[in-house]
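Asker: Contents are JSON, C-alpha atoms; file name my_file.json:
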```json
[["chain", "number", "residue", "atom", "x", "y", "z"],
["A", 1, "MET", "CA", -93.71, -9.02, 107.90],
["A", 2, "ASP", "CA", -90.72, -9.65, 110.19],
["A", 3, "ARG", "CA", -88.63, -6.93, 111.80],
["A", 4, "SER", "CA", -85.91, -6.93, 109.13],
["A", 5, "ASP", "CA", -88.51, -6.36, 106.42],
["A", 6, "ALA", "CA", -90.05, -3.33, 108.11],
["A", 7, "PRO", "CA", -89.67, -0.02, 106.26],
["A", 8, "ILE", "CA", -86.64, 1.98, 107.41],
["A", 9, "PRO", "CA", -86.81, 5.78, 107.42],
["A", 10, "ARG", "CA", -84.52, 7.25, 104.76],
["A", 11, "GLY", "CA", -83.53, 10.13, 107.05],
["A", 12, "GLY", "CA", -82.96, 12.48, 104.14],
["A", 13, "LEU", "CA", -80.05, 10.44, 102.75],
["A", 14, "SER", "CA", -79.32, 10.86, 99.06],
["A", 15, "VAL", "CA", -79.62, 8.04, 96.56],
["A", 16, "HIS", "CA", -75.83, 7.64, 96.62],
["A", 17, "TRP", "CA", -75.66, 6.98, 100.36],
["A", 18, "ARG", "CA", -78.69, 4.79, 100.99],
["A", 19, "GLY", "CA", -77.12, 1.61, 99.67],
["A", 20, "HIS", "CA", -74.31, 1.81, 102.22],
["A", 21, "PHE", "CA", -76.94, 1.61, 104.96],
["A", 22, "LEU", "CA", -78.89, -1.11, 103.10],
["A", 23, "LEU", "CA", -81.78, 1.32, 102.58],
["A", 24, "PHE", "CA", -82.99, -0.06, 99.28],
["A", 25, "ASP", "CA", -86.41, 0.42, 97.76],
["A", 26, "LYS", "CA", -88.26, -2.77, 98.61],
["A", 27, "LYS", "CA", -89.00, -5.18, 95.78],
["A", 28, "SER", "CA", -91.99, -7.50, 96.02],
["A", 29, "ALA", "CA", -91.01, -10.95, 97.27],
["A", 30, "PRO", "CA", -91.00, -13.66, 94.60],
["A", 31, "ALA", "CA", -94.16, -15.74, 94.79],
["A", 32, "TYR", "CA", -93.92, -19.49, 94.34],
["A", 33, "ASP", "CA", -95.42, -22.49, 96.10],
["A", 34, "ALA", "CA", -93.91, -25.09, 98.42],
["A", 35, "SER", "CA", -93.31, -27.62, 95.64],
["A", 36, "THR", "CA", -91.26, -25.07, 93.71],
["A", 37, "GLY", "CA", -89.35, -24.33, 96.90],
["A", 38, "ALA", "CA", -88.60, -28.01, 97.34],
["A", 39, "ARG", "CA", -87.28, -28.14, 93.78],
["A", 40, "LEU", "CA", -84.99, -25.18, 94.55],
["A", 41, "LEU", "CA", -83.51, -27.06, 97.51],
["A", 42, "LEU", "CA", -82.98, -30.14, 95.35],
["A", 43, "ILE", "CA", -81.30, -27.98, 92.71],
["A", 44, "ALA", "CA", -78.89, -26.53, 95.28],
["A", 45, "VAL", "CA", -77.94, -30.02, 96.47],
["A", 46, "ALA", "CA", -77.73, -31.46, 92.96],
["A", 47, "ILE", "CA", -75.62, -28.67, 91.47],
["A", 48, "GLU", "CA", -73.11, -28.78, 94.33],
["A", 49, "ALA", "CA", -72.89, -32.58, 94.01],
["A", 50, "PHE", "CA", -72.37, -32.10, 90.28],
["A", 51, "ARG", "CA", -69.61, -29.57, 91.03],
["A", 52, "LEU", "CA", -67.75, -32.07, 93.20],
["A", 53, "VAL", "CA", -67.94, -34.70, 90.46],
["A", 54, "VAL", "CA", -66.85, -32.24, 87.78],
["A", 55, "VAL", "CA", -63.89, -31.01, 89.83],
["A", 56, "LYS", "CA", -62.78, -34.56, 90.61],
["A", 57, "TRP", "CA", -63.09, -36.10, 87.15],
["A", 58, "LEU", "CA", -62.88, -33.30, 84.59],
["A", 59, "HIS", "CA", -60.52, -30.69, 86.06],
["A", 60, "ALA", "CA", -57.55, -32.10, 84.14],
["A", 61, "ALA", "CA", -59.46, -32.47, 80.88],
["A", 62, "LEU", "CA", -61.19, -29.10, 80.56],
["A", 63, "PRO", "CA", -59.98, -25.53, 81.11],
["A", 64, "LEU", "CA", -61.05, -24.00, 84.41],
["A", 65, "LEU", "CA", -63.13, -21.32, 82.67],
["A", 66, "ILE", "CA", -65.13, -23.95, 80.77],
["A", 67, "LEU", "CA", -65.78, -25.92, 83.97],
["A", 68, "VAL", "CA", -66.98, -22.86, 85.87],
["A", 69, "LEU", "CA", -69.20, -21.64, 83.03],
["A", 70, "LEU", "CA", -70.66, -25.16, 82.76],
["A", 71, "LEU", "CA", -71.55, -25.07, 86.46],
["A", 72, "LEU", "CA", -73.03, -21.57, 86.29],
["A", 73, "ALA", "CA", -75.05, -22.32, 83.16],
["A", 74, "SER", "CA", -76.32, -25.58, 84.70],
["A", 75, "ALA", "CA", -77.50, -23.78, 87.85],
["A", 76, "LEU", "CA", -79.33, -21.09, 85.89],
["A", 77, "LEU", "CA", -80.92, -23.58, 83.50],
["A", 78, "LEU", "CA", -82.14, -25.72, 86.39],
["A", 79, "VAL", "CA", -83.77, -22.69, 88.00],
["A", 80, "ARG", "CA", -85.43, -21.74, 84.74],
["A", 81, "PHE", "CA", -86.60, -25.16, 83.56],
["A", 82, "ALA", "CA", -86.59, -27.53, 86.57],
["A", 83, "ALA", "CA", -87.92, -25.06, 89.15],
["A", 84, "ARG", "CA", -89.78, -23.19, 86.37],
["A", 85, "LEU", "CA", -88.88, -19.78, 87.77],
["A", 86, "LYS", "CA", -87.80, -16.65, 85.97],
["A", 87, "LEU", "CA", -84.25, -15.66, 86.81],
["A", 88, "SER", "CA", -85.61, -12.39, 88.18],
["A", 89, "GLN", "CA", -87.33, -14.49, 90.86],
["A", 90, "ILE", "CA", -83.94, -15.35, 92.31],
["A", 91, "GLY", "CA", -82.77, -11.74, 92.04],
["A", 92, "LEU", "CA", -81.30, -11.51, 88.53],
["A", 93, "TYR", "CA", -83.30, -8.50, 87.39],
["A", 94, "PRO", "CA", -82.59, -6.71, 84.09],
["A", 95, "TRP", "CA", -80.83, -3.36, 84.52],
["A", 96, "ARG", "CA", -83.95, -1.41, 83.49],
["A", 97, "GLU", "CA", -85.75, -2.73, 86.59],
["A", 98, "TRP", "CA", -83.05, -1.67, 89.03],
["A", 99, "HIS", "CA", -83.93, 1.20, 91.35],
["A", 100, "PRO", "CA", -81.60, 4.24, 91.42],
["A", 101, "VAL", "CA", -80.20, 3.26, 94.83],
["A", 102, "GLU", "CA", -79.18, -0.15, 93.49],
["A", 103, "LYS", "CA", -77.51, 1.33, 90.42],
["A", 104, "SER", "CA", -75.57, 3.89, 92.41],
["A", 105, "TYR", "CA", -74.47, 1.43, 95.10],
["A", 106, "PHE", "CA", -73.42, -1.17, 92.52],
["A", 107, "VAL", "CA", -71.26, 1.31, 90.59],
["A", 108, "GLN", "CA", -69.72, 2.62, 93.80],
["A", 109, "LEU", "CA", -68.84, -0.89, 94.98],
["A", 110, "LEU", "CA", -67.22, -1.70, 91.63],
["A", 111, "VAL", "CA", -65.08, 1.44, 91.80],
["A", 112, "ILE", "CA", -64.12, 0.85, 95.44],
["A", 113, "ALA", "CA", -63.29, -2.83, 94.83],
["A", 114, "ASN", "CA", -61.10, -2.00, 91.84],
["A", 115, "ILE", "CA", -59.17, 0.53, 93.93],
["A", 116, "VAL", "CA", -58.85, -1.35, 97.22],
["A", 117, "PHE", "CA", -57.98, -4.83, 95.93],
["A", 118, "PRO", "CA", -55.17, -3.63, 93.61],
["A", 119, "LEU", "CA", -53.70, -1.67, 96.53],
["A", 120, "VAL", "CA", -53.89, -4.62, 98.92],
["A", 121, "PHE", "CA", -52.42, -7.08, 96.43],
["A", 122, "ALA", "CA", -50.11, -4.61, 94.70],
["A", 123, "SER", "CA", -46.91, -6.64, 95.11],
["A", 124, "ARG", "CA", -48.47, -9.86, 93.87],
["A", 125, "LEU", "CA", -50.20, -8.15, 90.99],
["A", 126, "ARG", "CA", -46.91, -6.57, 89.92],
["A", 127, "LEU", "CA", -45.37, -10.04, 89.70],
["A", 128, "ILE", "CA", -48.28, -11.22, 87.58],
["A", 129, "MET", "CA", -48.17, -8.18, 85.31],
["A", 130, "ALA", "CA", -44.44, -8.75, 84.75],
["A", 131, "GLN", "CA", -45.04, -12.21, 83.33],
["A", 132, "PRO", "CA", -44.81, -12.49, 79.55],
["A", 133, "SER", "CA", -48.06, -14.47, 79.48],
["A", 134, "VAL", "CA", -50.08, -11.97, 81.49],
["A", 135, "LEU", "CA", -53.10, -12.02, 79.16],
["A", 136, "TYR", "CA", -53.17, -15.81, 79.22],
["A", 137, "THR", "CA", -52.94, -15.72, 83.01],
["A", 138, "VAL", "CA", -55.78, -13.23, 83.38],
["A", 139, "TRP", "CA", -58.01, -15.18, 81.00],
["A", 140, "ASN", "CA", -57.31, -18.58, 82.56],
["A", 141, "VAL", "CA", -57.20, -17.65, 86.25],
["A", 142, "PHE", "CA", -58.80, -14.29, 87.06],
["A", 143, "VAL", "CA", -61.77, -14.66, 84.71],
["A", 144, "PRO", "CA", -62.69, -18.20, 85.90],
["A", 145, "TYR", "CA", -62.48, -17.16, 89.55],
["A", 146, "PHE", "CA", -64.75, -14.21, 88.81],
["A", 147, "PHE", "CA", -67.42, -16.52, 87.40],
["A", 148, "PHE", "CA", -66.91, -18.98, 90.26],
["A", 149, "GLY", "CA", -67.75, -16.22, 92.74],
["A", 150, "PHE", "CA", -70.85, -15.47, 90.67],
["A", 151, "TYR", "CA", -71.78, -19.18, 90.74],
["A", 152, "GLN", "CA", -71.50, -19.30, 94.53],
["A", 153, "GLU", "CA", -73.96, -16.44, 94.93],
["A", 154, "VAL", "CA", -76.44, -17.97, 92.50],
["A", 155, "VAL", "CA", -76.45, -21.26, 94.43],
["A", 156, "TYR", "CA", -76.13, -20.16, 98.05],
["A", 157, "ARG", "CA", -77.94, -16.82, 98.01],
["A", 158, "GLY", "CA", -80.18, -16.82, 94.93],
["A", 159, "ILE", "CA", -81.37, -20.43, 95.23],
["A", 160, "LEU", "CA", -80.74, -21.70, 98.77],
["A", 161, "GLN", "CA", -81.22, -18.52, 100.80],
["A", 162, "SER", "CA", -84.30, -17.44, 98.85],
["A", 163, "GLU", "CA", -86.07, -20.68, 99.70],
["A", 164, "LEU", "CA", -84.91, -20.87, 103.32],
["A", 165, "VAL", "CA", -86.04, -17.28, 103.93],
["A", 166, "ARG", "CA", -89.41, -18.12, 102.40],
["A", 167, "ARG", "CA", -89.73, -21.10, 104.75],
["A", 168, "TRP", "CA", -88.26, -19.77, 107.99],
["A", 169, "GLY", "CA", -88.08, -15.98, 107.75],
["A", 170, "THR", "CA", -85.23, -13.58, 107.17],
["A", 171, "PHE", "CA", -82.90, -14.15, 110.12],
["A", 172, "ILE", "CA", -83.04, -17.96, 110.31],
["A", 173, "GLY", "CA", -83.06, -18.32, 106.52],
["A", 174, "ILE", "CA", -79.96, -16.16, 106.03],
["A", 175, "LEU", "CA", -78.15, -17.76, 108.98],
["A", 176, "VAL", "CA", -78.77, -21.36, 107.90],
["A", 177, "ALA", "CA", -77.90, -20.62, 104.26],
["A", 178, "ASN", "CA", -74.67, -19.00, 105.42],
["A", 179, "VAL", "CA", -73.79, -21.97, 107.61],
["A", 180, "PHE", "CA", -74.06, -24.22, 104.57],
["A", 181, "TYR", "CA", -72.07, -21.71, 102.52],
["A", 182, "THR", "CA", -69.28, -21.51, 105.11],
["A", 183, "PHE", "CA", -69.04, -25.07, 106.42],
["A", 184, "GLY", "CA", -70.52, -27.04, 103.53],
["A", 185, "PRO", "CA", -68.76, -28.61, 100.55],
["A", 186, "LEU", "CA", -67.73, -25.27, 99.08],
["A", 187, "HIS", "CA", -65.07, -24.65, 101.74],
["A", 188, "SER", "CA", -64.73, -28.15, 103.20],
["A", 189, "TYR", "CA", -61.05, -28.33, 102.23],
["A", 190, "TYR", "CA", -60.26, -26.03, 105.17],
["A", 191, "PHE", "CA", -61.28, -28.84, 107.55],
["A", 192, "SER", "CA", -58.24, -30.82, 106.41],
["A", 193, "SER", "CA", -55.93, -27.89, 107.07],
["A", 194, "ARG", "CA", -53.79, -28.18, 110.18],
["A", 195, "SER", "CA", -52.55, -24.63, 109.90],
["A", 196, "ALA", "CA", -53.55, -21.81, 112.23],
["A", 197, "VAL", "CA", -55.17, -20.02, 109.29],
["A", 198, "ALA", "CA", -58.18, -22.38, 109.12],
["A", 199, "VAL", "CA", -60.18, -20.79, 111.97],
["A", 200, "PRO", "CA", -59.63, -17.18, 110.80],
["A", 201, "MET", "CA", -60.57, -18.24, 107.27],
["A", 202, "PHE", "CA", -63.85, -19.80, 108.42],
["A", 203, "ALA", "CA", -64.59, -16.69, 110.50],
["A", 204, "SER", "CA", -63.93, -14.32, 107.60],
["A", 205, "ILE", "CA", -65.91, -16.46, 105.14],
["A", 206, "PHE", "CA", -68.85, -16.57, 107.56],
["A", 207, "ALA", "CA", -68.75, -12.81, 108.18],
["A", 208, "ILE", "CA", -68.52, -11.93, 104.48],
["A", 209, "GLY", "CA", -71.24, -14.44, 103.64],
["A", 210, "LEU", "CA", -73.50, -12.98, 106.31],
["A", 211, "PHE", "CA", -73.03, -9.50, 104.87],
["A", 212, "PHE", "CA", -73.80, -10.75, 101.35],
["A", 213, "GLY", "CA", -76.86, -12.54, 102.70],
["A", 214, "PHE", "CA", -78.31, -9.41, 104.30],
["A", 215, "LEU", "CA", -77.32, -7.27, 101.31],
["A", 216, "PHE", "CA", -79.17, -9.62, 98.99],
["A", 217, "ARG", "CA", -82.18, -9.75, 101.29],
["A", 218, "ARG", "CA", -82.40, -5.98, 101.62],
["A", 219, "SER", "CA", -81.81, -5.18, 97.94],
["A", 220, "GLY", "CA", -83.43, -8.23, 96.35],
["A", 221, "ASN", "CA", -80.73, -7.86, 93.68],
["A", 222, "LEU", "CA", -78.49, -10.89, 93.14],
["A", 223, "TRP", "CA", -76.39, -9.10, 90.52],
["A", 224, "ILE", "CA", -74.87, -6.83, 93.17],
["A", 225, "VAL", "CA", -73.61, -9.58, 95.47],
["A", 226, "ALA", "CA", -72.70, -11.94, 92.62],
["A", 227, "VAL", "CA", -70.58, -9.44, 90.70],
["A", 228, "ILE", "CA", -68.86, -8.05, 93.80],
["A", 229, "HIS", "CA", -68.17, -11.57, 95.06],
["A", 230, "GLY", "CA", -66.77, -12.41, 91.65],
["A", 231, "VAL", "CA", -64.49, -9.38, 91.62],
["A", 232, "GLY", "CA", -63.22, -10.21, 95.10],
["A", 233, "ASN", "CA", -62.67, -13.83, 94.11],
["A", 234, "ALA", "CA", -60.70, -12.81, 91.04],
["A", 235, "TYR", "CA", -58.35, -10.57, 92.97],
["A", 236, "ILE", "CA", -57.94, -12.63, 96.13],
["A", 237, "VAL", "CA", -57.85, -16.21, 94.92],
["A", 238, "GLY", "CA", -56.37, -15.33, 91.54],
["A", 239, "SER", "CA", -53.47, -13.33, 92.88],
["A", 240, "LEU", "CA", -52.73, -15.72, 95.74],
["A", 241, "SER", "CA", -52.76, -18.76, 93.47],
["A", 242, "LEU", "CA", -50.39, -17.21, 90.92],
["A", 243, "ALA", "CA", -47.89, -15.27, 92.96],
["A", 244, "ARG", "CA", -46.61, -17.89, 95.38]]
```
Produce structure tokens that represent the structure in this file.
Answerer:
Amino acid sequence: MDRSDAPIPRGGLSVHWRGHFLLFDKKSAPAYDASTGARLLLIAVAIEAFRLVVVKWLHAALPLLILVLLLLASALLLVRFAARLKLSQIGLYPWREWHPVEKSYFVQLLVIANIVFPLVFASRLRLIMAQPSVLYTVWNVFVPYFFFGFYQEVVYRGILQSELVRRWGTFIGILVANVFYTFGPLHSYYFSSRSAVAVPMFASIFAIGLFFGFLFRRSGNLWIVAVIHGVGNAYIVGSLSLAR
């Protein structure tokens, strides 16, 4: 057991506060052998390579939502049938198996996100809501970006981080997975940017990814980080892409 996995005293905190301090009830670590771990790494590489091909060749032929759902479904199916793992082994537990701290924290984050993001992007969201095709816009931009955020967490936290933590321990595993998440193919387009925003963007992506990595490690629950990432993606990328 490494230091980050050691039990943390609850200090009398209620169920509704523990999640904010990452004081989750510990789930048993998923058990699989080295060959399964190697398959997980291959899946992470293969699905990201597939994403690059899909984006390059099919983005004009298929709606964005279909492309994103194809990627997400492919990742989950590869975990289930190529790695031969249950989805709960990468953190996608059914609701009935969630601990009370997880449920409370998840609901709180959803409420907070759906208050804070609309306030931050209020002017842009008003422009979007004023469009006559607002429902079309939401369905074809906000919904796909939500699922794309979910996809990112499945690949980089559920698949890649899980295996790297198993191999190298919590700190190194989370750090290396987050380096790939930040500077890998997912955000590589920022390298071609000559604007002053590139460095702050990499810094913010790395910081947010690091938080998601530790949140996933402490809770063992991929639903929390995947859904919250998806909500953030929908508001941030969706609103910025539409209201220029």
Asker: Show me a table, sorted first by chain and then by increasing residue number, of the residues of region 83-180 of chain A having an atom at most 9 Å from region 199-211 of chain A, each with its shortest atom pair and the distance in Å to one decimal, counting only C-alpha atoms and written as CSV.
Answerer:
```
residue,atom,partner,partner_atom,distance
A:Ile174,CA,A:Leu210,CA,7.2
A:Leu175,CA,A:Leu210,CA,7.2
A:Asn178,CA,A:Gly209,CA,6.0
A:Val179,CA,A:Phe206,CA,7.3
```
Asker: List every residue of region 99-197 of chain A that has an atom at most 9 Å from any atom of region 43-65 of chain A, and for each one report the closest atom pair and its distance in Å to one decimal, counting all atoms listed in the file, with rows sorted by chain and then by increasing residue number, as JSON lines.
Answerer:
```
{"residue": "A:Trp139", "atom": "CA", "partner": "A:Leu65", "partner_atom": "CA", "distance": 8.2}
{"residue": "A:Asn140", "atom": "CA", "partner": "A:Leu65", "partner_atom": "CA", "distance": 6.4}
{"residue": "A:Val141", "atom": "CA", "partner": "A:Leu64", "partner_atom": "CA", "distance": 7.7}
{"residue": "A:Val143", "atom": "CA", "partner": "A:Leu65", "partner_atom": "CA", "distance": 7.1}
{"residue": "A:Pro144", "atom": "CA", "partner": "A:Leu65", "partner_atom": "CA", "distance": 4.5}
{"residue": "A:Tyr145", "atom": "CA", "partner": "A:Leu65", "partner_atom": "CA", "distance": 8.1}
{"residue": "A:Phe147", "atom": "CA", "partner": "A:Leu65", "partner_atom": "CA", "distance": 8.0}
{"residue": "A:Phe148", "atom": "CA", "partner": "A:Leu65", "partner_atom": "CA", "distance": 8.8}
{"residue": "A:Val155", "atom": "CA", "partner": "A:Ala44", "partner_atom": "CA", "distance": 5.9}
{"residue": "A:Tyr156", "atom": "CA", "partner": "A:Ala44", "partner_atom": "CA", "distance": 7.5}
{"residue": "A:Ile159", "atom": "CA", "partner": "A:Ala44", "partner_atom": "CA", "distance": 6.6}
{"residue": "A:Leu160", "atom": "CA", "partner": "A:Ala44", "partner_atom": "CA", "distance": 6.2}
{"residue": "A:Pro185", "atom": "CA", "partner": "A:Glu48", "partner_atom": "CA", "distance": 7.6}
{"residue": "A:Leu186", "atom": "CA", "partner": "A:Glu48", "partner_atom": "CA", "distance": 8.0}
```
Asker: Restrict the calculation to all atoms listed in the file, then for each residue of region 119-201 of chain A with any atom at most 12 Å from an atom of region 91-115 of chain A give the closest atom pair and their distance in Å to one decimal, rows by chain and rising residue number, as a Markdown table.
Answerer:
```
| residue | atom | partner | partner_atom | distance |
| --- | --- | --- | --- | --- |
| A:Leu119 | CA | A:Ile115 | CA | 6.4 |
| A:Val120 | CA | A:Ile115 | CA | 8.9 |
| A:Phe121 | CA | A:Ile115 | CA | 10.5 |
| A:Ala122 | CA | A:Ile115 | CA | 10.4 |
| A:Phe150 | CA | A:Leu92 | CA | 11.4 |
| A:Glu153 | CA | A:Gly91 | CA | 10.4 |
| A:Val154 | CA | A:Gly91 | CA | 8.9 |
| A:Val155 | CA | A:Gly91 | CA | 11.7 |
| A:Arg157 | CA | A:Gly91 | CA | 9.2 |
| A:Gly158 | CA | A:Gly91 | CA | 6.4 |
| A:Ile159 | CA | A:Gly91 | CA | 9.4 |
| A:Gln161 | CA | A:Gly91 | CA | 11.2 |
| A:Ser162 | CA | A:Gly91 | CA | 9.0 |
```
Asker: Can you measure CA of Ser123 (chain A) to CA of Thr182 (chain A) for me? One decimal in Å is fine.
Answerer: 28.7 Å
Asker: Just to confirm, what's the straight-line distance from CA of Phe214 (chain A) to CA of Gln152 (chain A) in Å (one decimal)?
Answerer: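 CA of Phe214 (chain A) sits 15.5 Å away from CA of Gln152 (chain A).
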Asker: Out of A:Leu77, A:Leu240, A:Leu22, A:Ala234, which residue has the shortest atom-to-atom distance to Gly149 (chain A) when counting all atoms listed in the file?
Answerer: A:Ala234
Asker: Hey, can you check how far CA of Tyr181 (chain A) sits from CA of Val138 (chain A)?
Answerer: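 For CA of Tyr181 (chain A) relative to CA of Val138 (chain A), the distance reads 26.5 Å.
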Asker: Closest to Leu87 (chain A) among A:Leu135, A:Ala75, A:Leu13, A:Leu23, using all atoms listed in the file?
Answerer: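 Closest to Leu87 (chain A), using all atoms listed in the file: A:Ala75.
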Asker: Which neighbours of region 163-171 of chain A fall inside 12 Å, counting only C-alpha atoms, when residues of the same chain fewer than 5 positions from it are skipped, and could you give them as a ChimeraX atom specification?
Answerer: /A:1-6,29-44,83,89-90,155-158,176-180,210,213-218
Asker: Go ahead and write the residues just picked, C-alpha atoms, as a compact mmCIF listing (two decimals), keeping the file's coordinate frame.
Answerer:
```
# COMPACT_ATOMS: atom_id res chain seq x y z
CA MET A 1 -93.71 -9.02 107.90
CA ASP A 2 -90.72 -9.65 110.19
CA ARG A 3 -88.63 -6.93 111.80
CA SER A 4 -85.91 -6.93 109.13
CA ASP A 5 -88.51 -6.36 106.42
CA ALA A 6 -90.05 -3.33 108.11
CA ALA A 29 -91.01 -10.95 97.27
CA PRO A 30 -91.00 -13.66 94.60
CA ALA A 31 -94.16 -15.74 94.79
CA TYR A 32 -93.92 -19.49 94.34
CA ASP A 33 -95.42 -22.49 96.10
CA ALA A 34 -93.91 -25.09 98.42
CA SER A 35 -93.31 -27.62 95.64
CA THR A 36 -91.26 -25.07 93.71
CA GLY A 37 -89.35 -24.33 96.90
CA ALA A 38 -88.60 -28.01 97.34
CA ARG A 39 -87.28 -28.14 93.78
CA LEU A 40 -84.99 -25.18 94.55
CA LEU A 41 -83.51 -27.06 97.51
CA LEU A 42 -82.98 -30.14 95.35
CA ILE A 43 -81.30 -27.98 92.71
CA ALA A 44 -78.89 -26.53 95.28
CA ALA A 83 -87.92 -25.06 89.15
CA GLN A 89 -87.33 -14.49 90.86
CA ILE A 90 -83.94 -15.35 92.31
CA VAL A 155 -76.45 -21.26 94.43
CA TYR A 156 -76.13 -20.16 98.05
CA ARG A 157 -77.94 -16.82 98.01
CA GLY A 158 -80.18 -16.82 94.93
CA VAL A 176 -78.77 -21.36 107.90
CA ALA A 177 -77.90 -20.62 104.26
CA ASN A 178 -74.67 -19.00 105.42
CA VAL A 179 -73.79 -21.97 107.61
CA PHE A 180 -74.06 -24.22 104.57
CA LEU A 210 -73.50 -12.98 106.31
CA GLY A 213 -76.86 -12.54 102.70
CA PHE A 214 -78.31 -9.41 104.30
CA LEU A 215 -77.32 -7.27 101.31
CA PHE A 216 -79.17 -9.62 98.99
CA ARG A 217 -82.18 -9.75 101.29
CA ARG A 218 -82.40 -5.98 101.62
```
Asker: Tell me, as a PyMOL selection string, which residues lie within 7 Å of Asn233 (chain A), counting all atoms listed in the file; anything in the same chain fewer than 3 positions away does not count.
Answerer: chain A and resi 145-146+149+229-230+236-238
Asker: Can you rebuild region 153-167 of chain A with N, CA, C and O atoms and give it as a compact mmCIF listing (two decimals), keeping the file's coordinate frame?
Answerer:
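Saved result, result-v6.txt, follows:
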```
# COMPACT_ATOMS: atom_id res chain seq x y z
N GLU A 153 -72.82 -17.26 94.52
CA GLU A 153 -73.96 -16.44 94.93
C GLU A 153 -75.27 -16.94 94.35
O GLU A 153 -76.31 -16.90 95.00
N VAL A 154 -75.24 -17.41 93.11
CA VAL A 154 -76.44 -17.97 92.50
C VAL A 154 -76.95 -19.15 93.32
O VAL A 154 -78.14 -19.25 93.65
N VAL A 155 -76.04 -20.05 93.72
CA VAL A 155 -76.45 -21.26 94.43
C VAL A 155 -76.82 -20.97 95.88
O VAL A 155 -77.90 -21.36 96.34
N TYR A 156 -75.94 -20.28 96.61
CA TYR A 156 -76.13 -20.16 98.05
C TYR A 156 -77.01 -18.99 98.46
O TYR A 156 -77.63 -19.03 99.53
N ARG A 157 -77.06 -17.93 97.68
CA ARG A 157 -77.94 -16.82 98.01
C ARG A 157 -79.19 -16.86 97.13
O ARG A 157 -80.31 -16.87 97.64
N GLY A 158 -79.02 -16.89 95.82
CA GLY A 158 -80.18 -16.82 94.93
C GLY A 158 -81.11 -18.01 95.07
O GLY A 158 -82.34 -17.85 95.08
N ILE A 159 -80.55 -19.22 95.16
CA ILE A 159 -81.37 -20.43 95.23
C ILE A 159 -81.65 -20.82 96.68
O ILE A 159 -82.80 -20.87 97.12
N LEU A 160 -80.57 -21.14 97.43
CA LEU A 160 -80.74 -21.70 98.77
C LEU A 160 -81.33 -20.68 99.74
O LEU A 160 -82.34 -20.95 100.41
N GLN A 161 -80.72 -19.51 99.84
CA GLN A 161 -81.22 -18.52 100.80
C GLN A 161 -82.64 -18.08 100.48
O GLN A 161 -83.47 -17.92 101.39
N SER A 162 -82.94 -17.88 99.22
CA SER A 162 -84.30 -17.44 98.85
C SER A 162 -85.35 -18.40 99.39
O SER A 162 -86.38 -17.98 99.94
N GLU A 163 -85.09 -19.70 99.24
CA GLU A 163 -86.07 -20.68 99.70
C GLU A 163 -86.09 -20.80 101.22
O GLU A 163 -87.16 -20.90 101.83
N LEU A 164 -84.93 -20.76 101.87
CA LEU A 164 -84.91 -20.87 103.32
C LEU A 164 -85.56 -19.66 103.99
O LEU A 164 -86.23 -19.79 105.01
N VAL A 165 -85.36 -18.47 103.41
CA VAL A 165 -86.04 -17.28 103.93
C VAL A 165 -87.55 -17.40 103.75
O VAL A 165 -88.32 -17.02 104.64
N ARG A 166 -87.97 -17.93 102.62
CA ARG A 166 -89.41 -18.12 102.40
C ARG A 166 -89.99 -19.06 103.44
O ARG A 166 -91.10 -18.85 103.95
N ARG A 167 -89.24 -20.10 103.81
CA ARG A 167 -89.73 -21.10 104.75
C ARG A 167 -89.66 -20.61 106.20
O ARG A 167 -90.60 -20.81 106.98
```
